[in-house]
Amino acid sequence: MPDASFVFAQSLSGLTAAMFLFLIASGLSLIFGVLRVLNFAHGTFYMLGAYLAFQAMLWLGPGPGRFWLAALGAALGIALLGGVVERVLFRHLYGKEELYQLLFTYALGLILSDAAKIFWGTQQKSVSRPPELAGSFSLFGATIPQYNLFIILLGPSIALAFWFVLQRTRAGRFIRAAALDRETLGALGVNVTALYTGVFMLASFLGGLGGALISPMRATTPGMDTEVIVEAFVVVVIGGLGSLWGTFLGAVVYGQVLSFGILFFPRFSIFAVFALMAAVLIIRPWGLLGRPLR
Amino acid sequence: MLHVLTLLVAALLALPLVAEAQKPIKVGMPMPLSGPPALFGDPASKGAQMFVDEINAKGGVLGRKLELIVRDSKADANEAVRVARELILKENVDFLVGTLTSAEGPAVSVVAKENKIVFIAPIPKTDQLTAADKLHPYVFRVAATTTMEGRSAAEIVAKWPVTQVATMSFDYAYGQDVTRAFVEHLKKIKPSAQIVDQQWPKLGEQDYNPFINAQMAKKPEAIFSSIWGGFFVTYSKQAKALGVFDTIKYNFIGVGEAATPETTKSMGADYPVGIWGNSYDAFYWGETAAHRDYTARLSKYLKDEYPSSWAIQGYIGMQFLTEAIRKAGSAESDKVAKALLGLAVETPIGPLTIREKDHQANRGQLYGKTVKDPKYPFAIMKPVTYVDPSRFMD
């Protein structure tokens, strides 16, 4: 039986991975929930967020708080990019067949990631952890990097903020209404077009923020987009497409299964996650907290 | 008059021969140019191109120019095979030099065998490529092998004052083979050594935290890793945050080129300075005049002050091919294949020989402990030693 400190460390590392995935997957889920498009280019927004953060760090040069500025700047940059993409391109996809949407968003991801390669080359880029959170501390015998703890706290904060906006604000009510019936909402005088752009920008912001925040823990390389989109997709399928808390739960389950999976099936923990997804798809095709589509 | 006519006719008859001699010798290069493996594929292809440009400037080989045709193999065995076939059928290449992963190399080797075309692999390391049952007259390798790399690392670790050793490798051909070679050799030369833990993340894993926690729970004194390239950046950042390197007192060796200037440069202050690693090349090595000269040329060619350590593999691959063509006096694969057997070439890294037995060059690597050097804004291996693998080759 593994000792308690190890179990604790393992669950925290699972939770860190989960909160990252939640950041990415929540954007994917939001776009699907409201716009009804499965945005496969979301992973590329995440990758571009990481690259932009790297670039912004270079531009800013040494100085206090530059990582936070860079991360925020990168996320805002990606939100802007998302806005343009929605206005110019996505607009034509609404209500089209899923196959077209899938092909289109997938192609967009490929084009953007190749553009990133032209710009940043193929060499891996690396961003340091912000000096304020570079250390680690010991808790119950486990070593916990401060940065991981920050991520673990950030995830639920974003989920709560999300919930608050969706449930308690006027904009949130419109977003929920748009998810249910776009045309009626438009007929009631709400500018649905602008609303869609706003939602898309918010989702892109989250994707870009996820990429920027993960860069101190990983290498920024071409190809990180396709990896994350698969994981985020698994998370939303497990949790329920379009459901905020479902995505949160899906991410937590994913992280823990992966973390503890390696104890039981050291070489097959990834299999455990996909087995879980398959089981969910068979038993509850709409996900743990999702709602069946009609 | 008759004399002039005869000359004219003779000249006309000779024309096609001249044209034949002027036709370039085409070399096809399937190489990953997209995705993470492009980190190495891209510079390797540029190293090959630099060699081609240089030799052409000197008039080529056998009076013919070389022409390099590079195609993206996407680090995928099926794609590499498709690209290799296309290069042979559509581009009519005379030779193949290329592939990067241990999946691509053996797959393209089969194509070379079918088409009876010489194929030189500059990067894939799996022992399978030149294993007795897979070997054929047309396949050659100028890369290190998993056996050579694993054993070289074991020699280094055996000298450390540790017995509890753990391994961290990707769960696929390269990771398994190099780890097995390391473990077997270590147990042989240091029977007191124990393998206390082995972690096998999937190829391209992004989150190593669970693997690191599980490994550290077994209290190893030293770690052998074959997490390569950009993946090592990710792994070592996470390991550093969890205090791995301090805990094991930097008794850590990263094969799979964990100490290349590219990697230490991209990580800057985040690199776990003090660990051991290896690299195919390092611009700061400069042991011989030939290497210093090569580095200066490469630096100019790539317009990079600290040029890539991967270019050398493409360069050496082309160098062996060209020397063999020269020795054979022909660009026919059958003759060139024979010329490659036992061929010794003075490469920028030193003299290398392709063994007749298994078509394998004695390509070693640079190993060293990483330190900070005030001359560079990133860590370097110091002292850096070229480990000649000849004594580790079966």
# chains A, B, ... in the order shown; residues from 1 in each chain; ligands from 1
call {"tool": "select_by_dssp", "arguments": {"residues": "range 117-266 of chain A", "states": "strand (DSSP E)", "output": "PyMOL selection string"}}
result
chain A and resi 136-139+142-145
call {"tool": "interface_residues", "arguments": {"of": "chain B", "to": "chain A", "cutoff": "8 Å", "atoms": "only C-alpha atoms", "output": "number ranges by chain"}}
result
B: 34-36, 38-39, 42, 171, 199-202, 206-207, 209-211, 213-214, 217, 230-231, 233-235, 237-238, 241-243, 262-263, 266-267, 269-270
call {"tool": "closest_residue", "arguments": {"among": "B:Ile316, B:Ile275, B:Val93, B:Met31", "to": "Ile117 in chain B", "atoms": "only C-alpha atoms"}}
result
B:Val93
call {"tool": "residues_around", "arguments": {"residues": "Phe40 in chain A", "least_positions_apart": "2", "cutoff": "8 Å", "atoms": "only C-alpha atoms", "output": "tab-separated table (two decimals) with N, CA, C and O atoms, in the first residue's frame"}}
result
chain	number	residue	atom	x	y	z
A	38	LEU	N	-18.29	22.42	-32.81
A	38	LEU	CA	-17.20	21.79	-32.11
A	38	LEU	C	-15.91	22.37	-32.68
A	38	LEU	O	-15.53	22.05	-33.80
A	42	HIS	N	-9.58	25.03	-31.35
A	42	HIS	CA	-9.39	25.55	-29.99
A	42	HIS	C	-8.00	25.19	-29.45
A	42	HIS	O	-7.37	25.99	-28.77
A	43	GLY	N	-7.54	23.98	-29.79
A	43	GLY	CA	-6.20	23.56	-29.35
A	43	GLY	C	-5.13	24.47	-29.92
A	43	GLY	O	-4.11	24.74	-29.28
A	102	LEU	N	-16.61	20.35	-38.66
A	102	LEU	CA	-15.45	19.61	-38.20
A	102	LEU	C	-14.28	19.82	-39.15
A	102	LEU	O	-13.17	20.15	-38.75
A	105	THR	N	-13.07	23.58	-38.93
A	105	THR	CA	-12.30	23.96	-37.74
A	105	THR	C	-10.98	23.22	-37.70
A	105	THR	O	-9.96	23.75	-37.27
A	106	TYR	N	-10.98	21.99	-38.17
A	106	TYR	CA	-9.75	21.21	-38.19
A	106	TYR	C	-8.73	21.86	-39.13
A	106	TYR	O	-7.56	22.05	-38.80
A	109	GLY	N	-7.28	24.97	-37.73
A	109	GLY	CA	-6.23	24.65	-36.76
A	109	GLY	C	-4.91	24.37	-37.46
A	109	GLY	O	-3.86	24.86	-37.07
A	229	ILE	N	-6.08	19.05	-27.74
A	229	ILE	CA	-7.47	19.04	-28.19
A	229	ILE	C	-8.09	17.66	-27.94
A	229	ILE	O	-9.26	17.54	-27.59
call {"tool": "atom_distance", "arguments": {"atom1": "CA of Ala279 in chain A", "atom2": "CA of Met19 in chain A"}}
result
22.7 Å
call {"tool": "atom_distance", "arguments": {"atom1": "CA of Val139 in chain B", "atom2": "CA of His291 in chain B"}}
result
27.0 Å
call {"tool": "residues_around", "arguments": {"residues": "range 172-189 of chain A", "least_positions_apart": "6", "cutoff": "7 Å", "atoms": "only C-alpha atoms", "output": "MDAnalysis selection string"}}
result
chainID A and resid 33:35 165:166
call {"tool": "residues_around", "arguments": {"residues": "Gly95 in chain A", "least_positions_apart": "2", "cutoff": "9 Å", "atoms": "only C-alpha atoms", "output": "PyMOL selection string"}}
result
chain A and resi 36-37+92-93+97-98
call {"tool": "residues_around", "arguments": {"residues": "Ser102 in chain B", "least_positions_apart": "4", "cutoff": "12 Å", "atoms": "only C-alpha atoms", "output": "NGL selection string"}}
result
:B and (37 or 75-77 or 80 or 98 or 106-109 or 121-130 or 141 or 143-146 or 172-178)
call {"tool": "atom_distance", "arguments": {"atom1": "CA of Tyr138 in chain B", "atom2": "CA of Val118 in chain B"}}
result
4.5 Å
call {"tool": "residues_around", "arguments": {"residues": "range 240-247 of chain A", "least_positions_apart": "6", "cutoff": "10 Å", "atoms": "only C-alpha atoms", "output": "VMD selection string"}}
result
chain A and resid 21 to 36 38 159 to 160 162 to 163 166 179 232 to 234 253 280 to 281 284 to 292
